[in-house]
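Undergrad: Have a look at this one.
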Amino acid sequence: MKNTQLFDFTVDKAAKTVYITREFDAPLSLVWDAFTKAELIDQWIAPKPMIAKTKYQDFKVGGKRFYAMISPEGHERWAIQEYTSITPKTNFKMYNAFADKDENPELPGSEWDHNFSEQNGATKVYIVIYNESLERLERILDGFTQGMKMSLSNLEELLEKLSQK
């Protein structure tokens, strides 16, 4: 992997929105799979030393993914995502909220819009995350920023491994 990939992380508190642009030295189909298949998502989404465990995923419009991030001590932080729009290999949107272990969402949540494009063998992922509440955004922002940067670094490592197969 080359270390010249684009990475931008911008927060617009007035718009309650986070903008993330990240480029990966991997083909679009592989990056798409890494964002849409639970067995791959679980390998990169949790910032180390945490791990992710998907209880179930149904990647279709109206389908859901219910998963936990688990600390080394065994503490589980559950979240539920509902897919609201899917255009294969180019875009998917979802509603995301923290939840309890029984799938009861902790509102407010956030709307995620993932866009994918490929040029010269590199794939660019552009994510827009709209938070329903400024208070929620401000409460989670520091941990989310650090965690997302770590997760995307994990993804880069996973894509490198998968590209070598």
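Ordering of the structure tokens sets the chain letters (A, B, ...), residue numbers begin anew at 1 in every chain, and ligands are numbered from 1 in the order given.
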Find the spatial neighbours of Tyr83 of chain A, counting only C-alpha atoms, within a cut-off of 7 Å - ignore same-chain residues fewer than 3 positions away - and output them as a PyMOL selection string.

TA: chain A and resi 59-64+93-95

Undergrad: Could you please take those selected residues and save C-alpha atoms as a CSV table (one decimal), in the first residue's frame?

TA:
```
chain,number,residue,atom,x,y,z
A,59,PHE,CA,-27.7,-5.9,3.7
A,60,LYS,CA,-30.8,-4.8,1.8
A,61,VAL,CA,-33.0,-1.7,1.9
A,62,GLY,CA,-35.0,-2.0,5.1
A,63,GLY,CA,-32.5,-4.6,6.4
A,64,LYS,CA,-30.5,-4.2,9.5
A,93,LYS,CA,-27.2,4.9,3.3
A,94,MET,CA,-28.1,3.9,6.7
A,95,TYR,CA,-29.5,5.1,10.0
```

Undergrad: Skip Ala122 of chain A itself and residues of its chain fewer than 4 positions away, then list as a ChimeraX atom specification all residues within 10 Å of it, counting only C-alpha atoms.

TA: /A:5,23-28,31,117-118

Undergrad: Can I get the selected residues back with N, CA and C atoms, as an mmCIF file, in the first residue's frame?

TA:
```cif
data_model
loop_
_atom_site.group_PDB
_atom_site.id
_atom_site.type_symbol
_atom_site.label_atom_id
_atom_site.label_comp_id
_atom_site.auth_asym_id
_atom_site.auth_seq_id
_atom_site.Cartn_x
_atom_site.Cartn_y
_atom_site.Cartn_z
ATOM 1 N N GLN A 5 -2.344 8.040 0.258
ATOM 2 C CA GLN A 5 -3.785 8.099 0.108
ATOM 3 C C GLN A 5 -4.367 9.341 0.776
ATOM 4 N N GLU A 23 -9.048 7.498 0.879
ATOM 5 C CA GLU A 23 -8.689 6.756 -0.325
ATOM 6 C C GLU A 23 -7.905 5.514 0.080
ATOM 7 N N PHE A 24 -8.207 4.408 -0.602
ATOM 8 C CA PHE A 24 -7.529 3.138 -0.341
ATOM 9 C C PHE A 24 -6.905 2.628 -1.622
ATOM 10 N N ASP A 25 -5.725 2.062 -1.503
ATOM 11 C CA ASP A 25 -5.019 1.474 -2.641
ATOM 12 C C ASP A 25 -5.532 0.048 -2.831
ATOM 13 N N ALA A 26 -6.803 -0.051 -3.226
ATOM 14 C CA ALA A 26 -7.471 -1.347 -3.395
ATOM 15 C C ALA A 26 -8.618 -1.164 -4.376
ATOM 16 N N PRO A 27 -8.996 -2.246 -5.062
ATOM 17 C CA PRO A 27 -10.091 -2.130 -6.026
ATOM 18 C C PRO A 27 -11.445 -1.875 -5.351
ATOM 19 N N LEU A 28 -12.313 -1.214 -6.076
ATOM 20 C CA LEU A 28 -13.635 -0.848 -5.576
ATOM 21 C C LEU A 28 -14.398 -2.049 -5.027
ATOM 22 N N VAL A 31 -13.178 -2.928 -1.528
ATOM 23 C CA VAL A 31 -13.532 -1.913 -0.525
ATOM 24 C C VAL A 31 -15.034 -1.971 -0.246
ATOM 25 N N SER A 117 -15.993 5.473 -5.191
ATOM 26 C CA SER A 117 -15.582 5.662 -6.586
ATOM 27 C C SER A 117 -14.163 5.129 -6.737
ATOM 28 N N GLU A 118 -13.857 4.696 -7.961
ATOM 29 C CA GLU A 118 -12.542 4.117 -8.228
ATOM 30 C C GLU A 118 -11.884 4.857 -9.380
#
```

Undergrad: From segment 13-88 of chain A, collect each residue whose DSSP state is strand (DSSP E) and return the set as JSON, numbers by chain.

TA: {"A": [17, 18, 19, 20, 21, 22, 23, 24, 51, 52, 53, 54, 55, 56, 57, 64, 65, 66, 67, 68, 69, 70, 76, 77, 78, 79, 80, 81, 82, 83, 84, 85, 86, 87]}

Undergrad: Got time to write the residues from that selection, N, CA and C atoms, as an mmCIF file, in the first residue's frame?

TA:
```
data_model
loop_
_atom_site.group_PDB
_atom_site.id
_atom_site.type_symbol
_atom_site.label_atom_id
_atom_site.label_comp_id
_atom_site.auth_asym_id
_atom_site.auth_seq_id
_atom_site.Cartn_x
_atom_site.Cartn_y
_atom_site.Cartn_z
ATOM 1 N N THR A 17 -22.765 17.788 11.236
ATOM 2 C CA THR A 17 -22.338 16.825 10.223
ATOM 3 C C THR A 17 -20.823 16.601 10.265
ATOM 4 N N VAL A 18 -20.452 15.338 10.057
ATOM 5 C CA VAL A 18 -19.047 14.945 9.930
ATOM 6 C C VAL A 18 -18.837 14.491 8.486
ATOM 7 N N TYR A 19 -17.737 14.942 7.888
ATOM 8 C CA TYR A 19 -17.394 14.575 6.508
ATOM 9 C C TYR A 19 -16.064 13.825 6.544
ATOM 10 N N ILE A 20 -16.046 12.626 5.976
ATOM 11 C CA ILE A 20 -14.830 11.826 5.947
ATOM 12 C C ILE A 20 -14.555 11.428 4.502
ATOM 13 N N THR A 21 -13.350 11.704 4.043
ATOM 14 C CA THR A 21 -12.916 11.241 2.726
ATOM 15 C C THR A 21 -11.658 10.421 2.954
ATOM 16 N N ARG A 22 -11.664 9.200 2.426
ATOM 17 C CA ARG A 22 -10.503 8.318 2.608
ATOM 18 C C ARG A 22 -10.282 7.532 1.325
ATOM 19 N N GLU A 23 -9.048 7.498 0.879
ATOM 20 C CA GLU A 23 -8.689 6.756 -0.325
ATOM 21 C C GLU A 23 -7.905 5.514 0.080
ATOM 22 N N PHE A 24 -8.207 4.408 -0.602
ATOM 23 C CA PHE A 24 -7.529 3.138 -0.341
ATOM 24 C C PHE A 24 -6.905 2.628 -1.622
ATOM 25 N N ILE A 51 -12.932 -5.368 19.838
ATOM 26 C CA ILE A 51 -13.300 -6.194 18.696
ATOM 27 C C ILE A 51 -14.771 -5.948 18.387
ATOM 28 N N ALA A 52 -15.179 -6.266 17.166
ATOM 29 C CA ALA A 52 -16.579 -6.123 16.775
ATOM 30 C C ALA A 52 -17.181 -7.509 16.570
ATOM 31 N N LYS A 53 -18.453 -7.621 16.902
ATOM 32 C CA LYS A 53 -19.174 -8.881 16.727
ATOM 33 C C LYS A 53 -20.560 -8.558 16.170
ATOM 34 N N THR A 54 -20.817 -9.000 14.946
ATOM 35 C CA THR A 54 -22.134 -8.800 14.352
ATOM 36 C C THR A 54 -23.038 -9.947 14.783
ATOM 37 N N LYS A 55 -24.177 -9.608 15.385
ATOM 38 C CA LYS A 55 -25.155 -10.625 15.764
ATOM 39 C C LYS A 55 -25.938 -11.062 14.526
ATOM 40 N N TYR A 56 -26.339 -10.080 13.698
ATOM 41 C CA TYR A 56 -26.957 -10.396 12.411
ATOM 42 C C TYR A 56 -26.826 -9.205 11.479
ATOM 43 N N GLN A 57 -26.891 -9.482 10.189
ATOM 44 C CA GLN A 57 -26.880 -8.444 9.167
ATOM 45 C C GLN A 57 -27.717 -8.914 7.989
ATOM 46 N N LYS A 64 -31.235 -4.736 8.419
ATOM 47 C CA LYS A 64 -30.503 -4.175 9.549
ATOM 48 C C LYS A 64 -29.231 -4.964 9.840
ATOM 49 N N ARG A 65 -28.317 -4.269 10.508
ATOM 50 C CA ARG A 65 -27.135 -4.900 11.098
ATOM 51 C C ARG A 65 -27.165 -4.557 12.576
ATOM 52 N N PHE A 66 -27.055 -5.580 13.420
ATOM 53 C CA PHE A 66 -27.032 -5.400 14.864
ATOM 54 C C PHE A 66 -25.703 -5.963 15.344
ATOM 55 N N TYR A 67 -24.909 -5.119 15.995
ATOM 56 C CA TYR A 67 -23.552 -5.528 16.355
ATOM 57 C C TYR A 67 -23.104 -4.878 17.649
ATOM 58 N N ALA A 68 -22.022 -5.419 18.193
ATOM 59 C CA ALA A 68 -21.427 -4.859 19.410
ATOM 60 C C ALA A 68 -19.950 -4.614 19.191
ATOM 61 N N MET A 69 -19.453 -3.575 19.847
ATOM 62 C CA MET A 69 -18.024 -3.379 19.996
ATOM 63 C C MET A 69 -17.725 -3.843 21.421
ATOM 64 N N ILE A 70 -16.725 -4.702 21.544
ATOM 65 C CA ILE A 70 -16.461 -5.356 22.821
ATOM 66 C C ILE A 70 -15.066 -4.992 23.313
ATOM 67 N N GLU A 76 -19.765 -4.701 26.385
ATOM 68 C CA GLU A 76 -20.349 -4.634 25.045
ATOM 69 C C GLU A 76 -21.081 -3.311 24.847
ATOM 70 N N ARG A 77 -20.799 -2.652 23.721
ATOM 71 C CA ARG A 77 -21.515 -1.423 23.335
ATOM 72 C C ARG A 77 -22.228 -1.739 22.029
ATOM 73 N N TRP A 78 -23.540 -1.905 22.103
ATOM 74 C CA TRP A 78 -24.335 -2.337 20.957
ATOM 75 C C TRP A 78 -24.781 -1.167 20.101
ATOM 76 N N ALA A 79 -24.981 -1.439 18.822
ATOM 77 C CA ALA A 79 -25.523 -0.448 17.881
ATOM 78 C C ALA A 79 -26.367 -1.184 16.848
ATOM 79 N N ILE A 80 -27.317 -0.449 16.304
ATOM 80 C CA ILE A 80 -28.174 -1.003 15.260
ATOM 81 C C ILE A 80 -28.149 -0.052 14.068
ATOM 82 N N GLN A 81 -28.064 -0.639 12.891
ATOM 83 C CA GLN A 81 -28.045 0.141 11.657
ATOM 84 C C GLN A 81 -29.176 -0.365 10.773
ATOM 85 N N GLU A 82 -29.902 0.574 10.172
ATOM 86 C CA GLU A 82 -30.935 0.186 9.206
ATOM 87 C C GLU A 82 -30.569 0.775 7.851
ATOM 88 N N TYR A 83 -30.498 -0.095 6.855
ATOM 89 C CA TYR A 83 -30.118 0.340 5.509
ATOM 90 C C TYR A 83 -31.320 0.989 4.828
ATOM 91 N N THR A 84 -31.143 2.243 4.402
ATOM 92 C CA THR A 84 -32.253 3.007 3.825
ATOM 93 C C THR A 84 -32.158 3.156 2.312
ATOM 94 N N SER A 85 -30.979 2.929 1.749
ATOM 95 C CA SER A 85 -30.787 3.049 0.297
ATOM 96 C C SER A 85 -29.513 2.306 -0.076
ATOM 97 N N ILE A 86 -29.563 1.556 -1.182
ATOM 98 C CA ILE A 86 -28.378 0.841 -1.651
ATOM 99 C C ILE A 86 -28.314 0.929 -3.173
ATOM 100 N N THR A 87 -27.209 1.451 -3.676
ATOM 101 C CA THR A 87 -26.889 1.416 -5.101
ATOM 102 C C THR A 87 -25.572 0.657 -5.187
#
```

Undergrad: With only C-alpha atoms as the counted atoms, please give the residues lying no more than 12 Å from Leu159 of chain A, apart from itself and same-chain residues fewer than 3 positions off, as a compact mmCIF listing (two decimals) with C-alpha atoms, in the first residue's frame.

TA:
```txt
# COMPACT_ATOMS: atom_id res chain seq x y z
CA MET A 1 0.00 0.00 0.00
CA GLU A 23 -8.69 6.76 -0.32
CA PHE A 24 -7.53 3.14 -0.34
CA ASP A 25 -5.02 1.47 -2.64
CA ALA A 26 -7.47 -1.35 -3.40
CA PRO A 27 -10.09 -2.13 -6.03
CA LEU A 28 -13.63 -0.85 -5.58
CA SER A 29 -15.18 -4.32 -5.30
CA LEU A 30 -12.92 -5.20 -2.36
CA VAL A 31 -13.53 -1.91 -0.52
CA TRP A 32 -17.30 -2.22 -1.12
CA ASP A 33 -17.26 -5.74 0.35
CA ALA A 34 -15.27 -4.52 3.37
CA PHE A 35 -18.04 -1.99 4.12
CA LEU A 40 -15.19 -8.29 6.82
CA ILE A 41 -16.66 -5.34 8.76
CA GLN A 43 -12.31 -7.44 11.15
CA TRP A 44 -11.70 -3.67 10.96
CA ALA A 122 -7.54 3.32 -5.94
CA THR A 123 -10.93 3.57 -4.28
CA LEU A 152 -9.92 3.25 8.83
CA SER A 153 -6.28 2.41 9.55
CA ASN A 154 -7.40 -1.13 10.46
CA LEU A 155 -9.30 -1.25 7.17
CA GLU A 156 -6.20 -0.24 5.24
CA LEU A 162 -6.82 -9.32 1.22
CA SER A 163 -5.14 -7.83 -1.87
CA GLN A 164 -2.19 -10.18 -1.40
CA LYS A 165 -4.38 -13.29 -1.57
```

Undergrad: Would you return as a PyMOL selection string the members of chain A that DSSP assigns to helix (DSSP H, G or I) on this structure's backbone?

TA: chain A and resi 28-36+38-44+134-163

Undergrad: Write out, as a Markdown table, each residue of segment 35-144 of chain A that has an atom at most 12 Å from segment 9-12 of chain A, together with the closest pair of atoms and their distance in Å to one decimal, counting only C-alpha atoms, rows going by chain and rising number.

TA:
```
| residue | atom | partner | partner_atom | distance |
| --- | --- | --- | --- | --- |
| A:Val125 | CA | A:Phe9 | CA | 11.8 |
| A:Tyr126 | CA | A:Phe9 | CA | 10.1 |
| A:Ile127 | CA | A:Phe9 | CA | 9.6 |
| A:Val128 | CA | A:Thr10 | CA | 9.8 |
| A:Ile129 | CA | A:Val11 | CA | 9.5 |
| A:Tyr130 | CA | A:Asp12 | CA | 9.7 |
| A:Asn131 | CA | A:Asp12 | CA | 10.6 |
| A:Leu134 | CA | A:Asp12 | CA | 10.2 |
| A:Leu137 | CA | A:Val11 | CA | 9.6 |
| A:Glu138 | CA | A:Val11 | CA | 10.3 |
| A:Leu141 | CA | A:Val11 | CA | 8.9 |
| A:Asp142 | CA | A:Val11 | CA | 11.0 |
| A:Phe144 | CA | A:Phe9 | CA | 11.2 |
```

Undergrad: Go ahead and save the residues from that selection, with N, CA and C atoms, as a compact mmCIF listing (two decimals), in the first residue's frame.

TA:
```
# COMPACT_ATOMS: atom_id res chain seq x y z
N VAL A 125 -13.56 6.63 -0.69
CA VAL A 125 -14.78 6.51 0.08
C VAL A 125 -15.06 7.88 0.68
N TYR A 126 -16.26 8.37 0.43
CA TYR A 126 -16.68 9.67 0.96
C TYR A 126 -17.91 9.41 1.83
N ILE A 127 -17.80 9.73 3.12
CA ILE A 127 -18.87 9.45 4.08
C ILE A 127 -19.35 10.77 4.68
N VAL A 128 -20.66 10.96 4.67
CA VAL A 128 -21.28 12.11 5.30
C VAL A 128 -22.15 11.57 6.43
N ILE A 129 -21.92 12.05 7.64
CA ILE A 129 -22.66 11.59 8.81
C ILE A 129 -23.40 12.77 9.43
N TYR A 130 -24.72 12.73 9.31
CA TYR A 130 -25.57 13.78 9.88
C TYR A 130 -26.09 13.30 11.23
N ASN A 131 -25.83 14.07 12.27
CA ASN A 131 -26.30 13.75 13.61
C ASN A 131 -27.59 14.49 13.89
N LEU A 134 -27.04 18.03 18.09
CA LEU A 134 -25.73 18.64 18.30
C LEU A 134 -25.15 18.15 19.63
N LEU A 137 -23.64 14.80 19.04
CA LEU A 137 -22.41 14.94 18.27
C LEU A 137 -21.27 15.40 19.19
N GLU A 138 -21.52 16.43 19.99
CA GLU A 138 -20.47 16.95 20.87
C GLU A 138 -20.06 15.94 21.93
N LEU A 141 -17.95 13.14 19.99
CA LEU A 141 -17.02 13.57 18.95
C LEU A 141 -15.57 13.14 19.17
N ASP A 142 -15.02 13.38 20.36
CA ASP A 142 -13.60 13.05 20.58
C ASP A 142 -13.34 11.56 20.40
N PHE A 144 -15.26 9.38 18.90
CA PHE A 144 -15.61 8.97 17.54
C PHE A 144 -14.49 9.32 16.57
```

Undergrad: How many Å lie between atom CA of Ser71 of chain A and atom CA of Met148 of chain A, rounded to one decimal?

TA: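 Computing it gives 15.8 Å between the two atoms.
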
Undergrad: Tell me which of A:Glu135, A:Asp113, A:Glu106, A:Asp100 sits closest to Lys13 of chain A, counting only C-alpha atoms.

TA: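 Of A:Glu135, A:Asp113, A:Glu106, A:Asp100, the one nearest Lys13 of chain A is A:Glu135, counting only C-alpha atoms.
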